[in-house]
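First the structure, in the form of C-alpha cells, and then the observations on it.
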Amino acid sequence: MENLQKDEYRENFFKAWCEIGEGNIDELSMLDTEKENINILNKQIECLGIPVIRGCNEVIANGFIIGVSSINNIKHLINDGSICVYFSQLVSGDDYSGDISNFIGKEKIIEIYIRLGETNTWIKYKPMLLVSCYLEIFFKDNEEDEDDDDYDDDGEYEEQVDYDELNKLAAIVAKSDGFKFLKNKDQRRDFSEEVLEKTNAEYDHYYMSYIVSMSETFYDLGILPTEAKKLNLEGKTVAEIAKSLGHTKARIEKALRCDVTDKIRSYIEE
C-alpha cells in the first residue's frame, strides 16, 4: 500500500522532471527545486526519530538489504536499536563535459539505509535526484566506453558478487537442524561450513562471514517468528513457546511482534 500514500518528495521530483523534459526549467530554478526536495527528504528522516550517521557506509557491510521506493511510510518497521546511515556522492568537475560550474559540489547520488532494530537487515532508499538527471541529459560525455562498467576508478576489475546465491546458501544454513542452539559466530561459522559441505554448494569461502551473518538474519527475522506465530495460533502461551523452541520468553515476545517480509519469506520457503 506504500505507493498509494502521498510522498511530497516524489511528487516534487516528477513535476520538476516533466519541466526538465519539456525545457521549461533552467539550471538555477532546478537547483532551487532540488534544495527543496532534499529538505523534504531530511525532514522525513528526522521524523523517524532515530540516530543518523552521515558518510559512513562501512557499517552496512554484509547486511541484508531490502529496497523501498519511499521512506515516508516505514515507521512501523522502526524499533529500539534502529539507526539511519546517510551517504552521498557529489558532482565533480571531471564527471561531465561542458560548463557545470553551478553543479560542482552538489549531491548527485544519495543512498539511505535504515537498520531494523539491532539486526543486520537494512531498508535501502535511493532517491532519484534532479541534479543527476539534469547532468545526464545535458552534460553527459557520450564517448565514454560502455564496456568499462565492471572496472573501478583505478582500472582494476571489480568482481560481481552474486548475493542472491549467497542468500540462498545462508537460508539453507538457517533452516538446518541445530542452528537455533548455536551461541556465537564461531559456532555458526563451523556449523555453516559443515552444512554447506554436505550440500556440495560451490562458493568462495571469502564470503563465509556474509553467509553466517545472513543466516542469523534469516533465523531471527524469518524462521523464529514463523515458528513462534504458528505455535501461538495453536493456543500456546509465550512461556510454552519459549520452552518448546528453546529460547527465552523475551526473545519469543520479540519474535511474535516481528512481521516477516516477503523478501525474507521467499528465501526461507525456497
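Residues are named by chain letter and number: chains run A, B, ... in the order of the C-alpha cells, numbers start at 1 in each chain, and ligands are numbered from 1 in the order shown.
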Which neighbours of Lys126 in chain A fall inside 9 Å, counting only C-alpha atoms, when residues of the same chain fewer than 4 positions from it are skipped, and could you give them as number ranges by chain? A: 67-70, 109-113
Take the residues from that selection and put them in a file with N, CA and C atoms, as a short mmCIF file (atom, residue, chain, number, x, y, z; two decimals), in the first residue's frame.
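Saved the output as out20.cif:
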data_model
loop_
_atom_site.label_atom_id
_atom_site.label_comp_id
_atom_site.auth_asym_id
_atom_site.auth_seq_id
_atom_site.Cartn_x
_atom_site.Cartn_y
_atom_site.Cartn_z
N GLY A 67 15.17 -3.07 -0.60
CA GLY A 67 14.94 -1.78 -1.22
C GLY A 67 13.48 -1.34 -1.12
N VAL A 68 13.27 -0.04 -0.93
CA VAL A 68 11.92 0.53 -0.91
C VAL A 68 11.90 1.76 -1.82
N SER A 69 10.72 2.16 -2.27
CA SER A 69 10.59 3.31 -3.16
C SER A 69 10.34 4.60 -2.41
N SER A 70 10.16 4.53 -1.10
CA SER A 70 9.94 5.72 -0.29
C SER A 70 10.21 5.38 1.17
N ILE A 109 24.13 11.67 -6.01
CA ILE A 109 23.65 10.34 -5.61
C ILE A 109 23.49 10.34 -4.09
N ILE A 110 22.34 9.92 -3.62
CA ILE A 110 22.09 9.78 -2.19
C ILE A 110 21.63 8.36 -1.93
N GLU A 111 22.18 7.73 -0.92
CA GLU A 111 21.71 6.41 -0.50
C GLU A 111 21.44 6.45 1.00
N ILE A 112 20.29 5.97 1.37
CA ILE A 112 19.86 5.98 2.77
C ILE A 112 19.58 4.54 3.19
N TYR A 113 20.20 4.12 4.29
CA TYR A 113 20.00 2.78 4.83
C TYR A 113 19.47 2.89 6.25
#
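Neighbours of range 238-254 of chain A closer than or equal to 12 Å, with only C-alpha atoms counted and sequence neighbours fewer than 3 positions away skipped, come out as Asn79, Asp80, Gly117, Glu118, Asp177, Gly178, Phe179, Lys180, Phe181, Leu182, Lys183, Asp220, Leu221, Ile223, Leu224, Pro225, Thr226, Glu227, Ala228, Lys229, Lys230, Leu231, Asn232, Leu233, Glu234, Gly235, Arg257, Cys258 and Asp259 of chain A.
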With DSSP run on the backbone, what are the helix (DSSP H, G or I) residues within range 23-221 of chain A? I'd like them as a short mmCIF file (atom, residue, chain, number, x, y, z; two decimals) with N, CA and C atoms, in the first residue's frame.
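And here is the file that came out, part19.cif:
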data_model
loop_
_atom_site.label_atom_id
_atom_site.label_comp_id
_atom_site.auth_asym_id
_atom_site.auth_seq_id
_atom_site.Cartn_x
_atom_site.Cartn_y
_atom_site.Cartn_z
N GLU A 27 18.81 26.01 -15.03
CA GLU A 27 19.67 25.39 -14.03
C GLU A 27 19.37 25.88 -12.62
N LEU A 28 19.29 27.21 -12.44
CA LEU A 28 19.12 27.76 -11.10
C LEU A 28 17.76 27.40 -10.51
N SER A 29 16.72 27.42 -11.33
CA SER A 29 15.39 27.03 -10.84
C SER A 29 15.37 25.56 -10.45
N MET A 30 16.06 24.74 -11.26
CA MET A 30 16.12 23.31 -10.95
C MET A 30 16.87 23.07 -9.65
N LEU A 31 17.96 23.82 -9.42
CA LEU A 31 18.72 23.67 -8.19
C LEU A 31 17.92 24.11 -6.97
N ASP A 32 17.08 25.14 -7.13
CA ASP A 32 16.20 25.57 -6.03
C ASP A 32 15.21 24.47 -5.69
N THR A 33 14.67 23.83 -6.72
CA THR A 33 13.72 22.73 -6.50
C THR A 33 14.42 21.54 -5.85
N GLU A 34 15.65 21.26 -6.30
CA GLU A 34 16.42 20.17 -5.70
C GLU A 34 16.68 20.43 -4.22
N LYS A 35 17.03 21.68 -3.88
CA LYS A 35 17.27 22.03 -2.49
C LYS A 35 16.01 21.81 -1.65
N GLU A 36 14.86 22.19 -2.20
CA GLU A 36 13.59 21.99 -1.51
C GLU A 36 13.33 20.49 -1.31
N ASN A 37 13.61 19.70 -2.34
CA ASN A 37 13.40 18.25 -2.25
C ASN A 37 14.27 17.61 -1.17
N ILE A 38 15.53 18.03 -1.10
CA ILE A 38 16.43 17.45 -0.11
C ILE A 38 16.01 17.86 1.30
N ASN A 39 15.48 19.07 1.45
CA ASN A 39 14.95 19.49 2.76
C ASN A 39 13.78 18.60 3.17
N ILE A 40 12.93 18.27 2.21
CA ILE A 40 11.80 17.37 2.49
C ILE A 40 12.31 16.00 2.91
N LEU A 41 13.33 15.52 2.19
CA LEU A 41 13.91 14.22 2.50
C LEU A 41 14.50 14.20 3.90
N ASN A 42 15.21 15.26 4.26
CA ASN A 42 15.81 15.34 5.60
C ASN A 42 14.75 15.36 6.69
N LYS A 43 13.62 16.01 6.42
CA LYS A 43 12.53 16.04 7.40
C LYS A 43 11.93 14.65 7.57
N GLN A 44 11.82 13.90 6.47
CA GLN A 44 11.32 12.53 6.56
C GLN A 44 12.23 11.67 7.44
N ILE A 45 13.53 11.87 7.26
CA ILE A 45 14.49 11.12 8.07
C ILE A 45 14.39 11.53 9.53
N GLU A 46 14.27 12.83 9.77
CA GLU A 46 14.17 13.34 11.14
C GLU A 46 12.94 12.79 11.85
N CYS A 47 11.85 12.63 11.11
CA CYS A 47 10.60 12.14 11.70
C CYS A 47 10.70 10.68 12.13
N ASN A 57 29.36 4.38 5.04
CA ASN A 57 28.64 3.22 4.52
C ASN A 57 29.26 1.90 4.93
N GLU A 58 30.42 1.94 5.63
CA GLU A 58 31.06 0.70 6.04
C GLU A 58 30.19 -0.09 7.03
N VAL A 59 29.34 0.59 7.77
CA VAL A 59 28.57 -0.10 8.81
C VAL A 59 27.55 -1.07 8.23
N ILE A 60 27.25 -0.96 6.94
CA ILE A 60 26.26 -1.86 6.35
C ILE A 60 26.90 -3.05 5.66
N LYS A 75 7.61 3.79 9.28
CA LYS A 75 7.77 3.96 10.73
C LYS A 75 7.44 2.69 11.50
N HIS A 76 6.50 1.90 10.97
CA HIS A 76 6.11 0.68 11.69
C HIS A 76 7.23 -0.36 11.73
N LEU A 77 8.27 -0.16 10.91
CA LEU A 77 9.40 -1.08 10.91
C LEU A 77 10.52 -0.64 11.84
N LEU A 130 17.32 15.36 -9.09
CA LEU A 130 17.19 16.18 -10.28
C LEU A 130 18.56 16.55 -10.86
N VAL A 131 19.53 16.82 -9.97
CA VAL A 131 20.87 17.18 -10.45
C VAL A 131 21.44 16.08 -11.33
N SER A 132 21.35 14.84 -10.86
CA SER A 132 21.88 13.72 -11.62
C SER A 132 21.18 13.59 -12.97
N CYS A 133 19.85 13.67 -12.96
CA CYS A 133 19.09 13.55 -14.21
C CYS A 133 19.43 14.67 -15.18
N TYR A 134 19.52 15.89 -14.67
CA TYR A 134 19.81 17.05 -15.50
C TYR A 134 21.19 16.92 -16.16
N LEU A 135 22.17 16.51 -15.36
CA LEU A 135 23.52 16.37 -15.90
C LEU A 135 23.62 15.23 -16.91
N GLU A 136 22.93 14.14 -16.65
CA GLU A 136 22.95 13.02 -17.58
C GLU A 136 22.37 13.41 -18.93
N ILE A 137 21.35 14.27 -18.92
CA ILE A 137 20.69 14.67 -20.16
C ILE A 137 21.52 15.68 -20.94
N PHE A 138 22.05 16.70 -20.25
CA PHE A 138 22.65 17.83 -20.94
C PHE A 138 24.17 17.87 -20.93
N GLU A 146 31.35 2.15 -22.82
CA GLU A 146 30.32 1.47 -22.04
C GLU A 146 30.76 0.10 -21.56
N ASP A 147 31.87 -0.41 -22.10
CA ASP A 147 32.34 -1.72 -21.68
C ASP A 147 33.15 -1.69 -20.40
N ASP A 148 33.33 -0.48 -19.82
CA ASP A 148 34.15 -0.35 -18.62
C ASP A 148 33.35 -0.41 -17.34
N TYR A 163 24.96 -12.02 -4.73
CA TYR A 163 24.44 -12.03 -3.37
C TYR A 163 23.16 -12.86 -3.25
N ASP A 164 22.43 -12.96 -4.32
CA ASP A 164 21.22 -13.78 -4.28
C ASP A 164 21.58 -15.23 -3.98
N GLU A 165 22.63 -15.74 -4.62
CA GLU A 165 23.06 -17.12 -4.38
C GLU A 165 23.60 -17.29 -2.96
N LEU A 166 24.34 -16.28 -2.47
CA LEU A 166 24.84 -16.33 -1.10
C LEU A 166 23.69 -16.33 -0.10
N ASN A 167 22.65 -15.55 -0.39
CA ASN A 167 21.48 -15.52 0.49
C ASN A 167 20.78 -16.88 0.53
N LYS A 168 20.74 -17.55 -0.61
CA LYS A 168 20.12 -18.88 -0.65
C LYS A 168 20.90 -19.86 0.21
N LEU A 169 22.22 -19.76 0.16
CA LEU A 169 23.05 -20.64 0.99
C LEU A 169 22.84 -20.34 2.47
N ALA A 170 22.75 -19.04 2.80
CA ALA A 170 22.52 -18.65 4.19
C ALA A 170 21.18 -19.17 4.69
N ALA A 171 20.17 -19.16 3.83
CA ALA A 171 18.85 -19.67 4.21
C ALA A 171 18.91 -21.17 4.49
N ILE A 172 19.69 -21.90 3.69
CA ILE A 172 19.85 -23.34 3.91
C ILE A 172 20.45 -23.60 5.29
N VAL A 173 21.45 -22.80 5.64
CA VAL A 173 22.09 -22.94 6.95
C VAL A 173 21.10 -22.66 8.07
N ALA A 174 20.36 -21.55 7.95
CA ALA A 174 19.43 -21.14 9.00
C ALA A 174 18.33 -22.16 9.22
N LYS A 175 17.95 -22.87 8.17
CA LYS A 175 16.86 -23.85 8.28
C LYS A 175 17.34 -25.22 8.76
N PHE A 179 20.69 -25.23 14.23
CA PHE A 179 21.16 -23.85 14.11
C PHE A 179 20.73 -23.00 15.32
N LYS A 180 19.50 -23.20 15.78
CA LYS A 180 18.98 -22.35 16.85
C LYS A 180 19.71 -22.53 18.18
N PHE A 181 20.45 -23.62 18.31
CA PHE A 181 21.16 -23.86 19.57
C PHE A 181 22.57 -23.26 19.59
N LYS A 185 29.27 -16.61 16.85
CA LYS A 185 29.61 -16.63 15.43
C LYS A 185 30.59 -17.74 15.08
N ASP A 186 31.49 -18.06 15.99
CA ASP A 186 32.44 -19.14 15.70
C ASP A 186 31.70 -20.47 15.52
N GLN A 187 30.73 -20.73 16.40
CA GLN A 187 29.94 -21.95 16.28
C GLN A 187 29.12 -21.94 14.99
N ARG A 188 28.56 -20.77 14.66
CA ARG A 188 27.74 -20.68 13.45
C ARG A 188 28.59 -20.83 12.19
N ARG A 189 29.82 -20.33 12.25
CA ARG A 189 30.70 -20.48 11.09
C ARG A 189 31.05 -21.96 10.86
N ASP A 190 31.43 -22.65 11.93
CA ASP A 190 31.75 -24.08 11.81
C ASP A 190 30.53 -24.86 11.32
N PHE A 191 29.37 -24.51 11.89
CA PHE A 191 28.13 -25.19 11.51
C PHE A 191 27.82 -24.94 10.04
N SER A 192 27.99 -23.69 9.59
CA SER A 192 27.69 -23.33 8.19
C SER A 192 28.58 -24.10 7.23
N GLU A 193 29.85 -24.21 7.56
CA GLU A 193 30.78 -24.94 6.69
C GLU A 193 30.41 -26.42 6.60
N GLU A 194 29.98 -26.98 7.73
CA GLU A 194 29.58 -28.39 7.75
C GLU A 194 28.32 -28.61 6.90
N VAL A 195 27.34 -27.73 7.07
CA VAL A 195 26.09 -27.86 6.32
C VAL A 195 26.32 -27.71 4.82
N LEU A 196 27.08 -26.69 4.43
CA LEU A 196 27.29 -26.43 3.01
C LEU A 196 28.18 -27.48 2.36
N GLU A 197 29.06 -28.08 3.15
CA GLU A 197 29.89 -29.17 2.62
C GLU A 197 29.03 -30.37 2.24
N LYS A 198 28.00 -30.61 3.05
CA LYS A 198 27.09 -31.74 2.77
C LYS A 198 26.22 -31.48 1.55
N THR A 199 25.98 -30.21 1.25
CA THR A 199 25.13 -29.87 0.09
C THR A 199 25.95 -29.76 -1.20
N HIS A 205 34.94 -19.11 -0.12
CA HIS A 205 34.98 -19.07 1.34
C HIS A 205 35.27 -17.67 1.87
N TYR A 206 35.69 -16.79 0.99
CA TYR A 206 35.90 -15.39 1.39
C TYR A 206 34.60 -14.77 1.89
N TYR A 207 33.46 -15.30 1.40
CA TYR A 207 32.16 -14.74 1.76
C TYR A 207 31.47 -15.50 2.88
N MET A 208 32.22 -16.33 3.60
CA MET A 208 31.60 -17.09 4.68
C MET A 208 31.05 -16.17 5.77
N SER A 209 31.73 -15.07 6.06
CA SER A 209 31.24 -14.13 7.08
C SER A 209 29.87 -13.58 6.69
N TYR A 210 29.70 -13.32 5.40
CA TYR A 210 28.40 -12.83 4.91
C TYR A 210 27.34 -13.91 5.09
N ILE A 211 27.66 -15.14 4.74
CA ILE A 211 26.71 -16.24 4.87
C ILE A 211 26.29 -16.43 6.32
N VAL A 212 27.26 -16.38 7.24
CA VAL A 212 26.95 -16.53 8.66
C VAL A 212 26.04 -15.41 9.14
N SER A 213 26.38 -14.20 8.77
CA SER A 213 25.58 -13.04 9.18
C SER A 213 24.16 -13.14 8.65
N MET A 214 24.03 -13.53 7.39
CA MET A 214 22.71 -13.64 6.78
C MET A 214 21.90 -14.79 7.38
N SER A 215 22.57 -15.87 7.75
CA SER A 215 21.84 -16.99 8.36
C SER A 215 21.21 -16.53 9.68
N GLU A 216 21.91 -15.68 10.43
CA GLU A 216 21.36 -15.13 11.67
C GLU A 216 20.14 -14.27 11.37
N THR A 217 20.23 -13.47 10.31
CA THR A 217 19.11 -12.61 9.94
C THR A 217 17.90 -13.43 9.54
N PHE A 218 18.13 -14.46 8.72
CA PHE A 218 17.02 -15.29 8.27
C PHE A 218 16.35 -16.00 9.44
N TYR A 219 17.15 -16.42 10.42
CA TYR A 219 16.56 -17.11 11.57
C TYR A 219 15.77 -16.14 12.45
N ASP A 220 16.40 -15.02 12.80
CA ASP A 220 15.79 -14.07 13.73
C ASP A 220 14.58 -13.36 13.15
N LEU A 221 14.61 -13.07 11.84
CA LEU A 221 13.54 -12.28 11.23
C LEU A 221 12.63 -13.10 10.32
#
Need to verify the contact set: range 92-100 of chain A, 7 Å, only C-alpha atoms, exclusion of same-chain residues closer than 4 positions in sequence. Can you return it as number ranges by chain? A: 104-105, 139-141
Same residues, C-alpha atoms, output as a PDB file, in the first residue's frame:
ATOM      1  CA  ILE A 104      30.116  21.319  -8.579  1.00  0.00           C
ATOM      2  CA  GLY A 105      29.817  20.034  -5.019  1.00  0.00           C
ATOM      3  CA  PHE A 139      26.264  17.249 -19.907  1.00  0.00           C
ATOM      4  CA  LYS A 140      26.958  13.535 -20.239  1.00  0.00           C
ATOM      5  CA  ASP A 141      30.056  12.642 -22.254  1.00  0.00           C
TER       6      ASP A 141
END
Just want the 8 Å neighbourhood of Ile50 in chain A, counted on only C-alpha atoms, with same-chain residues fewer than 6 positions away dropped. Output as an MDAnalysis selection string. chainID A and resid 82:84
Restricted to C-alpha atoms, what would the selected residues look like written as an mmCIF file, in the first residue's frame?
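Resulting contents of out09.cif:
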data_model
loop_
_atom_site.group_PDB
_atom_site.id
_atom_site.type_symbol
_atom_site.label_atom_id
_atom_site.label_comp_id
_atom_site.auth_asym_id
_atom_site.auth_seq_id
_atom_site.Cartn_x
_atom_site.Cartn_y
_atom_site.Cartn_z
ATOM 1 C CA SER A 82 17.405 1.238 14.655
ATOM 2 C CA ILE A 83 19.836 3.655 13.041
ATOM 3 C CA CYS A 84 19.958 5.542 9.748
#
What does the distance between CA of Val260 in chain A and CA of Asn184 in chain A come to in Å, to one decimal place? 23.4 Å
Between CA of Ile65 in chain A and CA of Lys124 in chain A, measure the distance and give it in Å to one decimal. 6.3 Å
For the atom pair CA of Gly222 in chain A and CA of Asn72 in chain A, what is the interatomic distance in Å to one decimal place?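 Distance between the two atoms: 24.3 Å.
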Which one of A:Ile114, A:Ala201, A:Cys18, A:Ile74 sits closest to Arg54 in chain A if you count only C-alpha atoms? A:Ile114
Among range 64-153 of chain A, which residues carry a DSSP assignment of strand (DSSP E), reported as a ChimeraX atom specification? /A:64-67,84-90,107-115,121-125
When distances are computed from only C-alpha atoms, which of A:Leu90, A:Ile20, A:Ile66, A:Ala255 shows the smallest separation from Tyr125 in chain A?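 Under the stated criterion, the closest residue is A:Ile66.
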